[in-house]
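So this one's protein-v9.csv, CSV, C-alpha atoms:
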chain,number,residue,atom,x,y,z
I,1,MET,CA,0.0,0.0,0.0
I,2,ILE,CA,1.2,3.5,-0.8
I,3,GLY,CA,0.5,4.9,2.6
I,4,ALA,CA,2.2,2.0,4.5
I,5,GLY,CA,5.2,2.1,2.3
I,6,TRP,CA,5.5,5.8,2.8
I,7,VAL,CA,5.6,5.3,6.6
I,8,ARG,CA,8.1,2.4,6.4
I,9,VAL,CA,10.8,3.9,4.2
I,10,ARG,CA,11.8,6.9,6.3
I,11,GLY,CA,15.4,5.7,6.4
I,12,SER,CA,15.8,5.0,2.6
I,13,ARG,CA,15.9,7.7,-0.1
I,14,THR,CA,15.6,5.4,-3.1
I,15,PRO,CA,12.2,3.8,-2.3
I,16,LEU,CA,10.9,7.2,-1.5
I,17,ARG,CA,11.8,8.7,-5.0
I,18,SER,CA,10.4,5.7,-6.6
I,19,SER,CA,7.1,6.0,-4.7
I,20,ILE,CA,6.9,9.7,-5.5
I,21,ARG,CA,7.4,9.1,-9.2
I,22,ARG,CA,4.8,6.4,-9.2
I,23,ILE,CA,2.2,8.7,-7.4
I,24,GLN,CA,2.9,11.5,-9.9
I,25,SER,CA,2.5,9.2,-12.8
I,26,GLU,CA,-0.8,7.8,-11.6
I,27,SER,CA,-2.1,11.3,-10.7
I,28,SER,CA,-1.3,12.7,-14.1
I,29,LYS,CA,-3.4,10.1,-15.7
I,30,ARG,CA,-6.5,11.0,-13.6
I,31,VAL,CA,-6.3,14.8,-14.2
I,32,PRO,CA,-9.0,15.9,-16.7
I,33,PRO,CA,-8.0,18.0,-19.7
I,34,LEU,CA,-9.6,21.2,-18.3
I,35,ALA,CA,-7.6,21.0,-15.1
I,36,LYS,CA,-4.4,20.4,-17.1
I,37,ARG,CA,-5.0,23.6,-19.1
I,38,SER,CA,-5.9,25.8,-16.2
I,39,GLY,CA,-3.0,24.6,-14.0
I,40,SER,CA,-2.4,21.9,-11.5
I,41,GLY,CA,-3.3,21.6,-7.8
I,42,GLU,CA,-4.8,24.4,-5.7
I,43,GLN,CA,-3.4,27.3,-7.9
I,44,GLY,CA,-5.3,26.1,-11.0
I,45,HIS,CA,-8.5,25.7,-9.1
I,46,GLN,CA,-8.3,29.3,-7.7
I,47,GLY,CA,-7.5,30.7,-11.1
I,48,HIS,CA,-10.6,29.1,-12.6
I,49,SER,CA,-12.8,30.4,-9.7
I,50,ARG,CA,-11.7,34.0,-10.2
I,51,LYS,CA,-12.5,33.9,-13.9
I,52,SER,CA,-16.1,32.6,-13.3
I,53,LYS,CA,-16.9,35.5,-10.9
I,54,SER,CA,-16.1,38.3,-13.4
I,55,ILE,CA,-19.2,40.3,-14.8
I,56,PRO,CA,-19.5,40.3,-18.6
I,57,PRO,CA,-19.2,43.8,-20.1
I,58,TYR,CA,-22.5,43.5,-21.9
I,59,LEU,CA,-24.3,43.1,-18.6
I,60,VAL,CA,-22.7,46.3,-17.2
I,61,LEU,CA,-23.6,48.3,-20.3
I,62,GLY,CA,-27.0,46.7,-20.9
I,63,VAL,CA,-28.3,46.6,-17.3
I,64,GLY,CA,-26.1,48.6,-15.0
I,65,VAL,CA,-26.0,51.8,-17.0
I,66,PRO,CA,-29.7,52.1,-17.7
I,67,ALA,CA,-30.5,51.2,-14.1
I,68,MET,CA,-28.1,53.9,-12.8
I,69,ALA,CA,-29.6,56.5,-15.2
I,70,ILE,CA,-33.2,55.7,-14.2
I,71,THR,CA,-32.3,55.7,-10.5
I,72,SER,CA,-30.5,59.0,-10.9
I,73,SER,CA,-33.5,60.5,-12.6
I,74,LEU,CA,-35.8,59.4,-9.8
I,75,ALA,CA,-33.5,60.8,-7.2
I,76,TYR,CA,-33.3,64.1,-9.1
I,77,ILE,CA,-37.1,64.4,-9.3
I,78,TYR,CA,-37.5,63.6,-5.7
I,79,SER,CA,-34.9,66.0,-4.4
I,80,SER,CA,-35.5,69.0,-6.7
I,81,CYS,CA,-39.3,68.9,-7.3
I,82,GLN,CA,-40.6,69.2,-3.8
I,83,ASP,CA,-43.7,71.5,-3.6
I,84,ARG,CA,-46.6,72.3,-1.3
I,85,VAL,CA,-50.3,72.5,-2.1
I,86,PRO,CA,-51.8,75.9,-1.4
I,87,TYR,CA,-53.9,76.1,1.8
I,88,THR,CA,-53.6,72.4,2.8
I,89,ASN,CA,-49.8,72.5,2.8
I,90,ARG,CA,-49.5,68.9,1.6
I,91,GLN,CA,-46.0,68.0,0.5
I,92,ARG,CA,-45.9,66.7,-3.1
I,93,LEU,CA,-43.7,66.2,-6.1
I,94,LEU,CA,-44.3,68.7,-9.0
I,95,ALA,CA,-41.9,68.3,-11.9
I,96,THR,CA,-43.8,70.1,-14.6
I,97,ASP,CA,-43.8,73.8,-15.5
I,98,ASN,CA,-47.0,75.8,-15.2
I,99,ALA,CA,-46.7,77.1,-18.8
I,100,TYR,CA,-46.4,73.5,-20.1
I,101,GLU,CA,-49.5,72.5,-18.2
I,102,ILE,CA,-51.4,75.5,-19.7
I,103,ARG,CA,-50.3,74.6,-23.3
I,104,LEU,CA,-51.6,71.1,-22.8
I,105,GLY,CA,-54.8,72.4,-21.4
I,106,ASP,CA,-55.3,74.8,-24.3
I,107,GLN,CA,-54.7,72.1,-26.8
I,108,GLN,CA,-57.2,69.8,-25.1
I,109,TYR,CA,-59.7,72.6,-24.9
I,110,LYS,CA,-59.7,73.1,-28.6
I,111,GLN,CA,-60.1,69.4,-29.1
I,112,LEU,CA,-63.1,69.2,-26.8
I,113,LEU,CA,-64.8,72.2,-28.5
I,114,GLN,CA,-64.6,70.2,-31.7
I,115,LYS,CA,-65.9,67.1,-30.0
I,116,TYR,CA,-68.9,68.8,-28.3
I,117,GLN,CA,-69.6,71.4,-31.0
I,118,GLU,CA,-73.1,70.1,-31.7
I,119,ASP,CA,-74.1,70.1,-28.1
I,120,ILE,CA,-72.5,73.3,-26.7
I,121,LEU,CA,-75.2,75.7,-25.4
I,122,PRO,CA,-75.0,79.3,-26.8
I,123,PRO,CA,-73.6,82.0,-24.4
I,124,SER,CA,-77.1,83.5,-24.3
I,125,HIS,CA,-78.7,80.4,-23.0
I,126,ARG,CA,-80.0,80.7,-19.4
I,127,ALA,CA,-77.8,77.9,-18.2
I,128,SER,CA,-74.7,79.4,-19.8
I,129,VAL,CA,-75.5,82.8,-18.4
I,130,THR,CA,-75.9,81.4,-14.9
I,131,VAL,CA,-72.7,79.3,-15.1
I,132,GLN,CA,-70.8,82.3,-16.4
I,133,ARG,CA,-72.1,84.6,-13.6
I,134,VAL,CA,-71.4,82.2,-10.8
I,135,GLY,CA,-68.1,81.1,-12.3
I,136,GLY,CA,-67.0,84.7,-12.6
I,137,ARG,CA,-67.5,85.3,-8.9
I,138,ILE,CA,-65.7,82.1,-8.0
I,139,ALA,CA,-62.8,83.0,-10.4
I,140,HIS,CA,-62.5,86.4,-8.7
I,141,ALA,CA,-62.3,84.8,-5.3
I,142,ALA,CA,-59.7,82.3,-6.7
I,143,GLY,CA,-57.5,85.2,-7.9
I,144,THR,CA,-57.7,86.9,-4.5
I,145,PHE,CA,-56.9,83.6,-2.8
I,146,ALA,CA,-53.9,82.9,-5.1
I,147,ARG,CA,-52.4,86.4,-4.6
I,148,GLN,CA,-52.6,86.1,-0.9
I,149,TRP,CA,-51.0,82.7,-0.9
I,150,LYS,CA,-48.2,84.0,-3.2
I,151,LYS,CA,-47.3,86.7,-0.7
I,152,SER,CA,-46.1,84.1,1.8
I,153,ASN,CA,-45.0,81.6,-0.9
I,154,PRO,CA,-43.2,83.4,-3.7
I,155,GLU,CA,-42.5,80.2,-5.6
I,156,PHE,CA,-46.2,79.6,-6.0
I,157,GLU,CA,-47.3,79.8,-9.7
I,158,TYR,CA,-50.9,80.6,-10.7
I,159,ASN,CA,-52.4,81.2,-14.1
I,160,ASP,CA,-54.3,84.5,-13.9
I,161,ALA,CA,-55.8,84.2,-17.4
I,162,PRO,CA,-59.6,84.6,-17.6
I,163,PHE,CA,-61.7,81.4,-17.1
I,164,THR,CA,-63.8,80.0,-19.9
I,165,TYR,CA,-67.1,78.3,-19.1
I,166,THR,CA,-68.6,75.8,-21.6
I,167,VAL,CA,-72.0,74.3,-21.0
I,168,VAL,CA,-72.6,71.0,-22.9
I,169,ARG,CA,-76.0,69.4,-23.4
I,170,SER,CA,-75.6,65.9,-22.0
I,171,ASP,CA,-77.4,63.4,-19.7
I,172,GLU,CA,-74.1,62.9,-17.9
I,173,ALA,CA,-73.9,64.6,-14.5
I,174,ASN,CA,-70.4,65.9,-14.5
I,175,ALA,CA,-68.1,69.0,-14.6
I,176,PHE,CA,-64.4,69.2,-15.1
I,177,VAL,CA,-61.6,71.7,-15.6
I,178,LEU,CA,-58.5,71.8,-17.8
I,179,PRO,CA,-55.2,73.6,-17.2
I,180,GLY,CA,-55.5,77.0,-18.7
I,181,ASN,CA,-58.7,77.8,-16.7
I,182,HIS,CA,-61.2,76.0,-19.0
I,183,VAL,CA,-64.3,74.7,-17.2
I,184,PHE,CA,-66.8,72.4,-18.8
I,185,VAL,CA,-70.3,71.8,-17.2
I,186,LEU,CA,-72.5,69.0,-18.5
I,187,THR,CA,-76.2,69.7,-18.2
I,188,GLY,CA,-76.9,66.4,-16.5
I,189,LEU,CA,-75.4,68.0,-13.4
I,190,PHE,CA,-78.5,70.2,-13.0
I,191,LYS,CA,-80.4,67.1,-11.8
I,192,TYR,CA,-78.5,67.6,-8.5
I,193,VAL,CA,-77.7,71.3,-8.6
I,194,HIS,CA,-80.8,73.3,-8.0
I,195,ASN,CA,-79.6,76.9,-7.2
I,196,GLU,CA,-76.6,79.2,-7.5
I,197,ASP,CA,-75.1,78.3,-4.1
I,198,GLU,CA,-75.0,74.6,-5.1
I,199,LEU,CA,-73.6,75.5,-8.5
I,200,ALA,CA,-70.9,77.5,-6.7
I,201,SER,CA,-69.8,74.5,-4.7
I,202,ILE,CA,-69.2,72.6,-7.9
I,203,LEU,CA,-67.4,75.4,-9.7
I,204,GLY,CA,-65.4,76.1,-6.6
I,205,HIS,CA,-64.3,72.5,-6.6
I,206,GLU,CA,-63.2,72.6,-10.2
I,207,THR,CA,-61.4,75.9,-9.8
I,208,SER,CA,-59.5,74.5,-6.9
I,209,HIS,CA,-58.0,71.8,-9.1
I,210,VAL,CA,-56.5,74.6,-11.2
I,211,ILE,CA,-55.2,76.5,-8.1
I,212,ALA,CA,-53.6,73.4,-6.6
I,213,ARG,CA,-52.2,72.4,-10.0
I,214,HIS,CA,-53.4,68.8,-9.6
I,215,SER,CA,-52.9,68.2,-13.3
I,216,GLY,CA,-49.2,68.9,-12.9
I,217,GLU,CA,-49.1,66.4,-10.1
I,218,ARG,CA,-50.7,63.8,-12.3
I,219,LEU,CA,-48.2,64.4,-15.1
I,220,THR,CA,-45.4,64.1,-12.6
I,221,GLU,CA,-47.0,60.9,-11.3
I,222,GLY,CA,-47.1,59.5,-14.8
I,223,LEU,CA,-43.4,60.3,-15.4
I,224,LEU,CA,-42.4,58.6,-12.1
I,225,GLN,CA,-44.5,55.5,-13.0
I,226,ALA,CA,-42.9,55.3,-16.4
I,227,LEU,CA,-39.4,55.5,-14.9
I,228,ILE,CA,-40.1,52.9,-12.2
I,229,SER,CA,-41.7,50.6,-14.8
I,230,ARG,CA,-38.7,50.8,-17.0
I,231,LEU,CA,-36.4,50.2,-14.1
I,232,SER,CA,-38.3,47.1,-13.2
I,233,ILE,CA,-38.0,45.8,-16.7
I,234,VAL,CA,-34.2,46.4,-16.7
I,235,ILE,CA,-33.9,44.6,-13.4
I,236,ASP,CA,-36.2,41.7,-14.4
I,237,PRO,CA,-36.6,41.3,-18.2
I,238,SER,CA,-39.0,38.4,-17.5
I,239,LEU,CA,-41.6,41.1,-16.6
I,240,THR,CA,-42.5,39.3,-13.4
I,241,LEU,CA,-41.6,42.3,-11.3
I,242,PHE,CA,-43.4,44.6,-13.7
I,243,SER,CA,-46.6,42.6,-13.5
I,244,ILE,CA,-46.5,42.9,-9.7
I,245,LEU,CA,-45.4,46.5,-9.5
I,246,VAL,CA,-48.0,48.1,-11.9
I,247,PRO,CA,-51.1,47.0,-10.0
I,248,ALA,CA,-49.5,47.6,-6.7
I,249,GLN,CA,-48.6,51.1,-7.8
I,250,THR,CA,-52.2,51.7,-8.9
I,251,PHE,CA,-53.8,50.5,-5.6
I,252,LEU,CA,-51.2,51.8,-3.2
I,253,TYR,CA,-50.4,55.1,-4.7
I,254,SER,CA,-52.3,56.3,-7.8
I,255,LEU,CA,-55.9,55.8,-6.5
I,256,PRO,CA,-55.3,57.0,-2.9
I,257,HIS,CA,-53.4,60.0,-4.4
I,258,SER,CA,-56.4,60.8,-6.7
I,259,ARG,CA,-58.8,60.7,-3.8
I,260,GLU,CA,-56.6,63.0,-1.8
I,261,GLN,CA,-56.6,65.5,-4.6
I,262,GLU,CA,-60.4,65.4,-4.8
I,263,GLU,CA,-60.7,66.0,-1.0
I,264,GLU,CA,-58.3,69.0,-1.4
I,265,ALA,CA,-60.5,70.4,-4.2
I,266,ASP,CA,-63.6,70.0,-1.9
I,267,GLN,CA,-61.8,71.8,0.9
I,268,ILE,CA,-60.4,74.7,-1.1
I,269,GLY,CA,-63.7,74.8,-3.0
I,270,LEU,CA,-65.5,75.6,0.2
I,271,VAL,CA,-63.1,78.4,0.8
I,272,LEU,CA,-63.7,79.9,-2.6
I,273,ALA,CA,-67.4,79.6,-2.4
I,274,SER,CA,-67.6,81.3,1.0
I,275,GLU,CA,-65.3,84.0,-0.1
I,276,ALA,CA,-67.5,84.6,-3.1
I,277,CYS,CA,-70.5,84.9,-0.7
I,278,TYR,CA,-72.1,81.6,-1.7
I,279,ASP,CA,-73.5,79.5,1.1
I,280,PRO,CA,-71.0,76.8,1.8
I,281,LYS,CA,-73.6,74.5,3.3
I,282,ALA,CA,-75.0,74.0,-0.2
I,283,ALA,CA,-72.2,71.6,-1.0
I,284,LYS,CA,-73.6,68.9,1.2
I,285,HIS,CA,-77.0,69.2,-0.5
I,286,VAL,CA,-75.5,68.4,-3.9
I,287,PHE,CA,-73.6,65.3,-2.7
I,288,SER,CA,-76.4,64.1,-0.5
I,289,ARG,CA,-78.7,64.0,-3.6
I,290,MET,CA,-76.0,62.2,-5.6
I,291,GLN,CA,-75.6,59.7,-2.8
I,292,ASP,CA,-79.3,59.1,-2.6
I,293,ASP,CA,-79.5,58.5,-6.4
I,294,SER,CA,-76.4,56.2,-6.6
I,295,GLY,CA,-77.9,53.5,-4.4
I,296,GLN,CA,-75.6,50.5,-4.3
I,297,ARG,CA,-74.0,51.2,-7.7
I,298,MET,CA,-70.8,52.8,-6.4
I,299,PRO,CA,-67.6,50.7,-6.3
I,300,PRO,CA,-65.7,50.4,-3.1
I,301,GLU,CA,-63.8,53.5,-2.2
I,302,PHE,CA,-60.4,51.8,-2.5
I,303,LEU,CA,-61.1,51.0,-6.2
I,304,SER,CA,-62.2,54.6,-7.0
I,305,THR,CA,-60.5,57.8,-8.0
I,306,HIS,CA,-62.9,59.7,-5.9
I,307,PRO,CA,-63.8,59.5,-2.2
I,308,SER,CA,-67.1,57.9,-1.3
I,309,TYR,CA,-70.1,60.1,-0.6
I,310,ASP,CA,-69.9,59.2,3.0
I,311,THR,CA,-66.3,60.3,3.2
I,312,ARG,CA,-67.0,63.6,1.5
I,313,LEU,CA,-70.1,64.4,3.6
I,314,THR,CA,-68.1,63.7,6.8
I,315,LEU,CA,-65.2,65.9,5.6
I,316,PHE,CA,-67.7,68.7,4.8
I,317,ASP,CA,-68.9,68.6,8.4
I,318,LYS,CA,-65.3,68.9,9.5
I,319,TRP,CA,-64.5,71.9,7.3
I,320,MET,CA,-67.9,73.6,7.5
I,321,PRO,CA,-67.4,75.7,10.7
I,322,GLU,CA,-64.4,77.6,9.2
I,323,ALA,CA,-66.3,78.1,5.9
I,324,ILE,CA,-69.4,79.4,7.6
I,325,GLU,CA,-67.2,81.8,9.7
I,326,ARG,CA,-65.7,83.1,6.5
I,327,TYR,CA,-69.1,83.4,4.9
I,328,GLU,CA,-70.5,85.4,7.9
I,329,ARG,CA,-67.5,87.6,8.4
I,330,ASP,CA,-68.1,91.2,9.3
I,331,GLY,CA,-71.5,90.2,10.7
I,332,GLY,CA,-72.6,89.1,7.3
I,333,GLY,CA,-72.7,92.6,6.0
I,334,LYS,CA,-70.4,92.1,3.0
I,335,CYS,CA,-72.2,89.0,1.8
I,336,SER,CA,-75.6,90.4,2.4
I,337,ALA,CA,-75.0,93.3,0.0
I,338,ILE,CA,-73.4,91.0,-2.6
I,339,ARG,CA,-76.3,88.5,-2.4
I,340,SER,CA,-78.7,91.3,-3.0
I,341,GLU,CA,-76.7,92.0,-6.2
I,342,MET,CA,-76.9,88.3,-7.1
I,343,LYS,CA,-80.7,88.4,-6.7
I,344,ARG,CA,-81.0,91.4,-9.0
I,345,ALA,CA,-78.8,89.6,-11.6
I,346,ARG,CA,-81.0,86.5,-11.5
I,347,ILE,CA,-84.1,88.7,-12.1
I,348,VAL,CA,-82.5,90.3,-15.1
I,349,ALA,CA,-81.3,87.0,-16.5
I,350,ALA,CA,-84.9,85.6,-16.1
I,351,GLN,CA,-86.4,88.6,-17.9
I,352,MET,CA,-83.9,88.2,-20.8
I,353,HIS,CA,-84.8,84.5,-20.9
I,354,ASP,CA,-88.5,85.3,-21.1
I,355,ARG,CA,-88.0,87.8,-23.9
I,356,ARG,CA,-86.1,85.3,-26.0
I,357,GLY,CA,-88.5,82.6,-25.3
I,358,THR,CA,-85.8,80.0,-24.9
Kindly present the structure from the file in structure tokens form.
Amino acid sequence: MIGAGWVRVRGSRTPLRSSIRRIQSESSKRVPPLAKRSGSGEQGHQGHSRKSKSIPPYLVLGVGVPAMAITSSLAYIYSSCQDRVPYTNRQRLLATDNAYEIRLGDQQYKQLLQKYQEDILPPSHRASVTVQRVGGRIAHAAGTFARQWKKSNPEFEYNDAPFTYTVVRSDEANAFVLPGNHVFVLTGLFKYVHNEDELASILGHETSHVIARHSGERLTEGLLQALISRLSIVIDPSLTLFSILVPAQTFLYSLPHSREQEEEADQIGLVLASEACYDPKAAKHVFSRMQDDSGQRMPPEFLSTHPSYDTRLTLFDKWMPEAIERYERDGGGKCSAIRSEMKRARIVAAQMHDRRGT
């Protein structure tokens, strides 16, 4: 045996050399070709391990560089685009320029005028006159609100261009606003809006979206979602991460964020309506009617872009004392005089309507 022979020949050099040569000869026969090429013994094994751990250049260029670029873009947006919502002081990311938002709004406004051209009520129509009159007062209050906010927040940007009000004949109960101060009111809304105070709550809500620049927030959100989605594809080309990330992003960020913006528009809208001397309590009347009419057709709140009616009515109760205090400021003298003017304007509008027979 090799082991026994090695132990027994300590005093003899010749058997030792012979045994070594025999062991080396047998070992060389058992070494595979790959091991022979990469070296023998421990040194060859270590050299082969170091080579297997190196990262191919195509992975560095194809994955590492795009991932670093996208991550850097996300970090830049987060660090340099911090902003605060007027009045609520909510911290948010706003990466868009106000002028860019206005250009997009103006473009979409022209497209919608084309889309609705057959159903747009003329400016002389009683509904158009009423929306224009109430909207004008809300817009004036919004301008005052924005100038006051800018005094303590010089970085705040507000578009002081005149508002446009377009009334569209439709069964849909809706109103919306575009950047650039373009408000659309669909006549189906008048099923729930029965007087000027209630109309003011709706127009105050829409005007608040413009003041708070919620459209810019949504554009920023879309940019962030696109960057994160691309980063997930770079990290996991199988799209498994992407398929998990997109719905998670929708339910955990986009929808809650949209509901938060709607709540802000409700809150600031009460401020504008009360400043314009419209009764803020009217807001609850509108949404109570909508709730009664909706029945069980509304989706769960967590699946919706808007808060539930229960949530909105509860929040109105929370904000109402401050809104009423503003509405009744100076003992109600200011708003009493203005509401007398409103009444006279309604009488004139009704007389014009009767003369036209429309």
Given the point (-65.5, 82.4, 0.7) in the file's coordinates, find the residues that have an atom at most 12 Å from it, counting only C-alpha atoms, and give them as a PyMOL selection string. chain I and resi 137-142+144-145+197+200-201+204+267-281+320+322-329+332+334-335
Can you tell me, as a VMD selection string, what residues are no more than 10 Å from range 81-88 of chain I when counting all atoms listed in the file, ignoring any on the same chain fewer than 4 positions away? chain I and resid 75 to 77 92 to 96 145 to 146 149 to 150 153 155 to 156 208 211 to 214 217 220 261 264 267 to 268 271
Which residues of range 132-178 of chain I have any atom within 10 Å of an atom in range 112-118 of chain I when counting all atoms listed in the file, and what is the closest pair of atoms for each, with the distance in Å to one decimal? Order the rows by chain and rising number and write it as JSON lines.
{"residue": "I:Thr166", "atom": "CA", "partner": "I:Leu113", "partner_atom": "CA", "distance": 8.7}
{"residue": "I:Val167", "atom": "CA", "partner": "I:Tyr116", "partner_atom": "CA", "distance": 9.7}
{"residue": "I:Val168", "atom": "CA", "partner": "I:Tyr116", "partner_atom": "CA", "distance": 6.9}
{"residue": "I:Arg169", "atom": "CA", "partner": "I:Tyr116", "partner_atom": "CA", "distance": 8.6}
{"residue": "I:Ser170", "atom": "CA", "partner": "I:Tyr116", "partner_atom": "CA", "distance": 9.6}
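The neighbours of Glu196 in chain I here are the residues that come within 10 Å of it, using only C-alpha atoms and leaving out any residue fewer than 5 positions away in the same chain; they are Thr130, Val131, Arg133, Val134, Gly135, Ser201, Ile202, Tyr278, Asp279, Ala282, Met342 and Arg346 of chain I.
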CA of Glu172 in chain I and CA of Leu186 in chain I are how many Å apart? 6.3 Å
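With distances taken over all atoms listed in the file, I:Glu221 is the one residue among I:Glu221, I:Ile235, I:Ala175, I:Ile338 lying closest to Gln249 in chain I.
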Tell me which protein, DNA and RNA residues are within 10 Å of Phe242 in chain I, counting all atoms listed in the file, leaving out same-chain ones fewer than 3 positions away, and put them as a PyMOL selection string. chain I and resi 228-239+245-248
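Candidate residues I:Asp266, I:Asp293, I:Asp354, I:Glu301 were compared for distance to His125 in chain I, and the nearest is I:Asp354, using all atoms listed in the file.
Proximity ranking of I:Arg297, I:Lys110, I:Lys284, I:Lys151 relative to Asp317 in chain I places I:Lys284 first, based on all atoms listed in the file.
The two atoms in question, CA of Pro179 in chain I and CA of Leu227 in chain I, are spaced 24.1 Å apart.
CA of Glu263 in chain I is positioned 13.3 Å from CA of Thr207 in chain I.
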Closest to Phe287 in chain I among I:Leu189, I:Val183, I:Ala226, I:Ala161, using all atoms listed in the file? I:Leu189
Distance query Pro299 in chain I at most 10 Å, all atoms listed in the file, self and fewer than 4 positions along chain excluded, as a ChimeraX atom specification: /I:303-304,308
May I ask which of the residues I:Asn181, I:Gln132, I:Ser152, I:Gln291 is the closest one to Ser215 in chain I, counting only C-alpha atoms? I:Asn181
Do a neighbour search on Asn98 in chain I at 8 Å with all atoms listed in the file, toss out local chain neighbours closer than 6 positions, and write the hits as number ranges by chain. I: 157-159, 216
The selected residues should be written to file as a PDB file, keeping the file's coordinate frame (atoms: C-alpha atoms).
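Generated output (result_37.pdb):
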ATOM      1  CA  GLU I 157     -47.300  79.800  -9.700  1.00  0.00           C
ATOM      2  CA  TYR I 158     -50.900  80.600 -10.700  1.00  0.00           C
ATOM      3  CA  ASN I 159     -52.400  81.200 -14.100  1.00  0.00           C
ATOM      4  CA  GLY I 216     -49.200  68.900 -12.900  1.00  0.00           C
TER       5      GLY I 216
END
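For the residues I:Ala127, I:His285, I:Gly180, I:His257, ranking by smallest atom-to-atom distance to Arg90 in chain I using all atoms listed in the file places I:His257 first.
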Can you sort out range 194-211 of chain I so it carries N, CA and C atoms, written as a PDB file, in the coordinates of the input?
ATOM      1  N   HIS I 194     -79.510  72.684  -7.847  1.00  0.00           N
ATOM      2  CA  HIS I 194     -80.800  73.300  -8.000  1.00  0.00           C
ATOM      3  C   HIS I 194     -80.767  74.854  -7.804  1.00  0.00           C
ATOM      4  N   ASN I 195     -79.644  75.428  -7.387  1.00  0.00           N
ATOM      5  CA  ASN I 195     -79.600  76.900  -7.200  1.00  0.00           C
ATOM      6  C   ASN I 195     -78.117  77.338  -7.367  1.00  0.00           C
ATOM      7  N   GLU I 196     -77.910  78.628  -7.282  1.00  0.00           N
ATOM      8  CA  GLU I 196     -76.600  79.200  -7.500  1.00  0.00           C
ATOM      9  C   GLU I 196     -75.586  78.796  -6.416  1.00  0.00           C
ATOM     10  N   ASP I 197     -76.034  78.695  -5.176  1.00  0.00           N
ATOM     11  CA  ASP I 197     -75.100  78.300  -4.100  1.00  0.00           C
ATOM     12  C   ASP I 197     -74.586  76.890  -4.362  1.00  0.00           C
ATOM     13  N   GLU I 198     -75.465  76.017  -4.817  1.00  0.00           N
ATOM     14  CA  GLU I 198     -75.000  74.600  -5.100  1.00  0.00           C
ATOM     15  C   GLU I 198     -74.126  74.602  -6.333  1.00  0.00           C
ATOM     16  N   LEU I 199     -74.436  75.403  -7.331  1.00  0.00           N
ATOM     17  CA  LEU I 199     -73.600  75.500  -8.500  1.00  0.00           C
ATOM     18  C   LEU I 199     -72.184  76.012  -8.100  1.00  0.00           C
ATOM     19  N   ALA I 200     -72.166  76.969  -7.175  1.00  0.00           N
ATOM     20  CA  ALA I 200     -70.900  77.500  -6.700  1.00  0.00           C
ATOM     21  C   ALA I 200     -70.022  76.477  -6.052  1.00  0.00           C
ATOM     22  N   SER I 201     -70.634  75.517  -5.349  1.00  0.00           N
ATOM     23  CA  SER I 201     -69.800  74.500  -4.700  1.00  0.00           C
ATOM     24  C   SER I 201     -69.140  73.595  -5.753  1.00  0.00           C
ATOM     25  N   ILE I 202     -69.816  73.360  -6.880  1.00  0.00           N
ATOM     26  CA  ILE I 202     -69.200  72.600  -7.900  1.00  0.00           C
ATOM     27  C   ILE I 202     -68.121  73.346  -8.665  1.00  0.00           C
ATOM     28  N   LEU I 203     -68.423  74.600  -9.019  1.00  0.00           N
ATOM     29  CA  LEU I 203     -67.400  75.400  -9.700  1.00  0.00           C
ATOM     30  C   LEU I 203     -66.241  75.742  -8.811  1.00  0.00           C
ATOM     31  N   GLY I 204     -66.492  75.890  -7.522  1.00  0.00           N
ATOM     32  CA  GLY I 204     -65.400  76.100  -6.600  1.00  0.00           C
ATOM     33  C   GLY I 204     -64.480  74.886  -6.539  1.00  0.00           C
ATOM     34  N   HIS I 205     -65.071  73.703  -6.564  1.00  0.00           N
ATOM     35  CA  HIS I 205     -64.300  72.500  -6.600  1.00  0.00           C
ATOM     36  C   HIS I 205     -63.401  72.395  -7.834  1.00  0.00           C
ATOM     37  N   GLU I 206     -63.985  72.659  -8.998  1.00  0.00           N
ATOM     38  CA  GLU I 206     -63.200  72.600 -10.200  1.00  0.00           C
ATOM     39  C   GLU I 206     -62.119  73.639 -10.293  1.00  0.00           C
ATOM     40  N   THR I 207     -62.439  74.845  -9.852  1.00  0.00           N
ATOM     41  CA  THR I 207     -61.400  75.900  -9.800  1.00  0.00           C
ATOM     42  C   THR I 207     -60.290  75.580  -8.908  1.00  0.00           C
ATOM     43  N   SER I 208     -60.578  74.877  -7.835  1.00  0.00           N
ATOM     44  CA  SER I 208     -59.500  74.500  -6.900  1.00  0.00           C
ATOM     45  C   SER I 208     -58.528  73.538  -7.485  1.00  0.00           C
ATOM     46  N   HIS I 209     -58.975  72.688  -8.396  1.00  0.00           N
ATOM     47  CA  HIS I 209     -58.000  71.800  -9.100  1.00  0.00           C
ATOM     48  C   HIS I 209     -56.976  72.612  -9.834  1.00  0.00           C
ATOM     49  N   VAL I 210     -57.401  73.736 -10.423  1.00  0.00           N
ATOM     50  CA  VAL I 210     -56.500  74.600 -11.200  1.00  0.00           C
ATOM     51  C   VAL I 210     -55.499  75.276 -10.200  1.00  0.00           C
ATOM     52  N   ILE I 211     -56.033  75.847  -9.118  1.00  0.00           N
ATOM     53  CA  ILE I 211     -55.200  76.500  -8.100  1.00  0.00           C
ATOM     54  C   ILE I 211     -54.131  75.590  -7.572  1.00  0.00           C
TER      55      ILE I 211
END
